[in-house]
Amino acid sequence: MRRTQPAPPPANRLAAFFGVFRYSRRALVLVWQTSRPLTVGLALCTLVAGVLPAVAAWIGQLIVDSVVEAMAYHRESGAPLTLESAWPVLRYVLAEAGVIAAIAMAQRGLSAQQSLLRALLGQKVNVMILEKAGTLSLAQFEDSEFYDKLTRARREASIRPLGLVNKTFGLAQNGISLISFGVLLVQFSPWALLILAVGALPVFLSEAKFSGDAFRLFRWRSPQTRMQMYLETVLAREDSIKEVKLFGLEPLLLDRYRRIFDTLYGEDRRLTIRRESWGFALGLLGTLAFYGAYAWVVVETVGGQLTLGEMTMYLMVFKQGQAALSASLTSVSGMYEDNLYLSNLYEYLEQPVAPQAGTLTEGARPGDGIRFENVGFTYPGADRPALSGIGLHLRPGQSLALVGANGSGKTTLIKLLTRLYEPGEGRILLDGSDLAEWDVGALRRRIGVIFQDFVRYQLKVGENLGAGDVAAFEDEARWQEAARRGLADDFIADMPGGYHTQLGRWFKGGQELSGGQWQKIALSRAYMRESADILVLDEPTAAMDAAAEAAVFADFREHSRDKMTILISHRFSTVRAADQILVIDGGEILEQGDHASLMAANGRYARLFRLQAKGYE
Ligand SMILES: Nc1ncnc2c1ncn2[C@@H]1O[C@H](COP(=O)(O)OP(=O)(O)OP(=O)(O)O)[C@@H](O)[C@H]1O
């Protein structure tokens with residue numbers, strides 16, 4: 001947690017203050033790209049809504065002055081009041097009504113266009129965030145600081161760009177109003193203008209400061225907010241609620257949830273109180289300036305220097321001018337806040353992505369298979385390597401089994417082979433070419449893999465299979481073929497909608513499967529990948545019954561004669577048939593060979609094999 005960020009030196013602070021405004025332009029471009037007609041419409045309505053209030057004030061003056069004039073005329077001439085004689089006044093009233101109607105129309109137009117833009121822009125930014133997510137590496141997702149950035153970007157940024165643009169337009173609208181009020185007011189006194197501007201400045205400065213503080217608070221808290229969201233998920237999702245209930249975890253987790261809230265609330269309260277107290281004190285200065293100018297106008301009118309109409313106009317201009325000024329100052333400090341939030345979004349979007357330089361779709365020595373040459377790997381932030389000195393050669397048609405205690409590095413080896421991570425030392429070759437030189441798409445098309453923690457998609461059964469080969473995502477014939485090989489066809493046939501049955505509990509009518517059934521779905525998914533000649537099964541049968549497991553491996557051996565297969569299993573009955581067995585311990589190869597040679601060597605493998613065999617006697 002970065003609770004104690006050092007305050008930047010004064011010069012930098014100023015630069016930082018103005019620096020954050022750089023995102024205004026980007027937000028505008030974003031809005032422009034989202035919808036040109038709506039952006040233009042927004043600008044037009046802003047202009048109309050900005051100019052017309054001054055016009056209304058000016059017509060107000062004409063009304064009062066012409067009323068005074070007409071009253072004097074009637075008093076002096078004694079002429080009767082007719083519609084015709086009242087017309088010089090009434091036409092102004094009519095004009096003002098027209099102006100007010102136009103303002104209302106412009107404001108409706110603004111809010112309609114804003115709400116349309118909000119929807120479009122939210123969608124656009126979310127798609128940008130998700131597209132970016134697709135280009136990031138697994139290591140970035142596993143990095144908690146990066147994950148914070150992603151969470152912050154997703155939580156707030158989809159509404160912020162429009163907020164920023166609305167405020168920019170709001171500022172323009174108020175700015176236009178102020179200029180037009182200024183044109184009217186300067187005839188009274190340029191000093192009055194100055195008094196109003198100076199009076200509002202302190203509030204603006206305090207607003208800007210506190211929005212900066214609020215933003216920093218928001219950033220610090222990201223880890224706690226994430227923990228809160230996580231606790232909400234654990235406490236209220238079907239996949240965890242079973243265990244939470246049985247272990248009676250609710251009070252404990254809920255208490256933790258409450259404590260996080262209390263800490264956050266305490267910080268919020270302090271900031272809110274400080275922000276509002278300063279806002280009130282400095283706002284008083286503005287009010288004081290306003291009433292000073294008010295008194296001045298009144299005195300001038302009493303002294304006969306201003307007509308009643310002029311006084312009415314100035315008072316209106318003062319009132320509306322002050323409102324416009326403080327609204328635009330709030331816009332500016334709000335813009336500062338939006339800019340800061342937006343900096344998050346861009347920080348995330350500009351996260352560097354490792355260049356995928358590889359272009360090979362075929363290796364230098366086709367048919368050579370997979371080679372690991374002295375491969376080592378350490379997870380980012382870990383202090384000891386997860387793998388080191390790994391060497392192996394697997395030819396087409398051969399099978400490899402990885403054996404080792406929990407945490408010995410078996411899954412890590414698969415992650416390196418599938419290029420989810422790059423080795424820190426040594427290299428991995430496929431068909432004689434370094435994996436780094438391969439086109440990632442071409443490489444991944446050759447690999448069919450199921451991980452221990454495979455995904456249970458809340459989609460249709462068939463789509464759960466189709467996910468294994470996007471080209472055949474909807475191909476029902478291929479679904480059936482894969483399900484047959486993965487031994488899933490029997491239970492799928494018994495489901496109410498067959499391959500079109502919705503799986504999982506998230507959506508209406510969804511069916512939940514047993515652990516073993518899900519595993520059969522995952523296995524079938526791996527079989528969907530027809531083009532793959534490397535099949536990796538990371539504990540594929542752990543949840544299956546014994547008969548299913550035996551059938552899976554019989555089929556697996558039968559169908560993978562010309563393929564390379566890598567199998568991770570803790571069951572020696574399945575491991576023993578592999579051409580090569582690698583015993584891994586603490587990230588290093590302890591023993592290597594086939595079943596017969598490892599048994600003859602009488603080492604760790606032989607000991608573990610006998611131990612398991614004994615259990616079945
Ligand atoms: N994403 C990760 N970030 C950091 N360390 C990790 C990560 N994944 C695994 N490790 C660590 O790397 C080591 C090897 O883990 P790996 O998952 O490869 O083990 P495994 O042999 O597949 O274990 P198991 O039999 O339990 O599946 C472990 O010590 C683990 O704590």
# chains A, B, ... in the order shown; residues from 1 in each chain; ligands from 1
call {"tool": "residues_near_ligand", "arguments": {"ligand": "ligand 1", "cutoff": "9 Å", "atoms": "only C-alpha atoms and all ligand atoms", "output": "ChimeraX atom specification"}}
result
/A:138-139,142-143,378-382,384-387,402-415,452,538-539,568-570,584-587
call {"tool": "residues_around", "arguments": {"residues": "range 462-467 of chain A", "least_positions_apart": "5", "cutoff": "7 Å", "atoms": "only C-alpha atoms", "output": "PyMOL selection string"}}
result
chain A and resi 457+472-474+479+499-500+521+524-525+528
call {"tool": "atom_distance", "arguments": {"atom1": "CA of Ser514 in chain A", "atom2": "CA of Asp475 in chain A"}}
result
24.9 Å
call {"tool": "closest_residue", "arguments": {"among": "A:Phe210, A:Leu162, A:Asp533, A:Pro355", "to": "Leu136 in chain A", "atoms": "only C-alpha atoms"}}
result
A:Pro355
call {"tool": "atom_distance", "arguments": {"atom1": "CA of Leu235 in chain A", "atom2": "CA of Glu267 in chain A"}}
result
25.3 Å
call {"tool": "residues_around", "arguments": {"residues": "range 68-73 of chain A", "least_positions_apart": "6", "cutoff": "10 Å", "atoms": "only C-alpha atoms", "output": "number ranges by chain"}}
result
A: 62, 79, 81, 85-86, 88-89, 307-309
call {"tool": "closest_residue", "arguments": {"among": "A:His74, A:Arg484, A:Arg445, A:Lys520", "to": "Pro540 in chain A", "atoms": "only C-alpha atoms"}}
result
A:Lys520
call {"tool": "residues_around", "arguments": {"residues": "Phe181 in chain A", "least_positions_apart": "6", "cutoff": "7 Å", "atoms": "only C-alpha atoms", "output": "list in words"}}
result
Ala54, Val317 and Gly321 of chain A
